[in-house]
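Heads up, the thing below is written out as structure tokens.
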Amino acid sequence: MGGLPASKTVYAFAASATDPKLMFAGLRDGGFKSTHGGGNWKKLNTAPKDVAAITIHPTKPEVVFLGTARGKIFKSTDGGQSWRRQN
Amino acid sequence: MLGRSCRVLSVAALALAISLAFALPGQAAGMARDIGHLHALLVSPADGSLWIGTHNALYRSNDEGKTWHPVKIPNDLGAMDFMSFVLEPANPNILYVGTHNRGVLRTTDGGETWGSFSAGLGGPDIHALAVDGYNAAQPRRLYAFAVDKGLYRILGDTSEWKRVDDGPDNPDVRALQTVNIPTGMGGIFLYAATSGGIFRSPDCF
């Protein structure tokens with residue numbers, strides 16, 4: 001699972017139902033994305049920190065929702081490149 | 001008289017415009033802005049609604065998280081800390097929710113009514129749920145991770161959990177998901193997010 005910070009808690013995880021090698025992980029450090037089934041994770045530079053939950057839209061894998069531990073919800077429509085706060 | 005009425009209306013309209021201009025997303029009438037500590041999110045394939053599990057309540061949003069409505073859970077279930085979600089693959093009106101203190105709850109009507117779905121679980125603290133409904137040739141597999149108790153599974157339409165094993169090497173599991181990547185042994189993988197990173201195990205035992 002290269003690319004994720006070592007020895008840190010992964011609070012959230014989501015894999016796409018339509019593109020199973022597409023995955024997102026949420027840590028206190030922020031959001032991470034893999035397009036290799038859990039290898040070669042890349043940090044999402046514009047994602048918020050303290051990620052507590054992630055879900056991928058069931059039919060639109062480019063649409064991702066992210067929730068922080070403090071209850072803020074964010075949406076991405078470009079596969080995690082940019083995020084818009086929803087609440 | 002007409003002029004005074006117009007002034008009153010103008011003041012009211014101005015106040016309304018100011019309140020709308022400064023209103024924050026999620027601040028609609030009757031909806032709390034602060035949903036508190038968040039644990040879980042899920043987009044329903046049935047209608048695109050967003051389910052939100054928090055420390056205190058279960059919410060549902062019909063506008064992608066801008067506003068949300070509490071989902072009523074019967075008092076006798078006494079659930080708190082809604083930790084995880086999973087949908088029945090063949091019927092998105094069936095939703096399972098893992099809780100911190102009352103095992104697994106289930107609704108079969110899209111959230112209108114709820115009941116306990118915990119028979120056979122070794123403990124009440126369910127941090128993670130997952131489902132494998134990818135292979136039509138085999139029974140649907142439903143997974144639950146019970147804190148300090150291990151990994152449990154239900155096959156097909158039965159309703160009693162059976163213990164599988166201790167779960168991943170790091171037992172501090174925060175999320176589970178089956179991933180439709182073939183193992184080469186006739187199954188797919190079960191992924192677990194933990195306090196020590198991400199683990200995966202063949203979902204074919």
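Residue names in the structure tokens use chain letters A, B, ... in the order shown, residue numbers from 1 in each chain, and ligand numbers from 1 in the order shown.
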Using only C-alpha atoms, select each residue of chain A with any atom at most 10 Å away from an atom of chain B, and give the selection as a ChimeraX atom specification.
/A:1,4-23,25-27,37-38,51-59,64-75,85-87
Give the strand (DSSP E or B) residues of range 62-205 of chain B, as assigned by DSSP on the backbone, as an MDAnalysis selection string.
chainID B and resid 69:70 82:88 91:99 104:107 115:116 126:132 141:146 150:155 162:165 173:182 188:194 197:202
From the set B:Asn62, B:Asn91, B:Ser118, B:Asn56, which residue has the shortest atom-to-atom contact distance to Gly103 in chain B, counting only C-alpha atoms?
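Between B:Asn62, B:Asn91, B:Ser118, B:Asn56, the residue approaching Gly103 in chain B most closely is B:Ser118.
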Could you check which of B:Ile94, B:Leu105, B:Ala57, B:Ala144 is closest to His69 in chain B, using only C-alpha atoms?
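Answer, going by the shortest atom-to-atom distance: B:Ala57.
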Work out how far apart CA of Pro182 in chain B and CA of Gly167 in chain B are and give it in Å to one decimal.
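According to the coordinates, CA of Pro182 in chain B and CA of Gly167 in chain B are separated by 19.8 Å.
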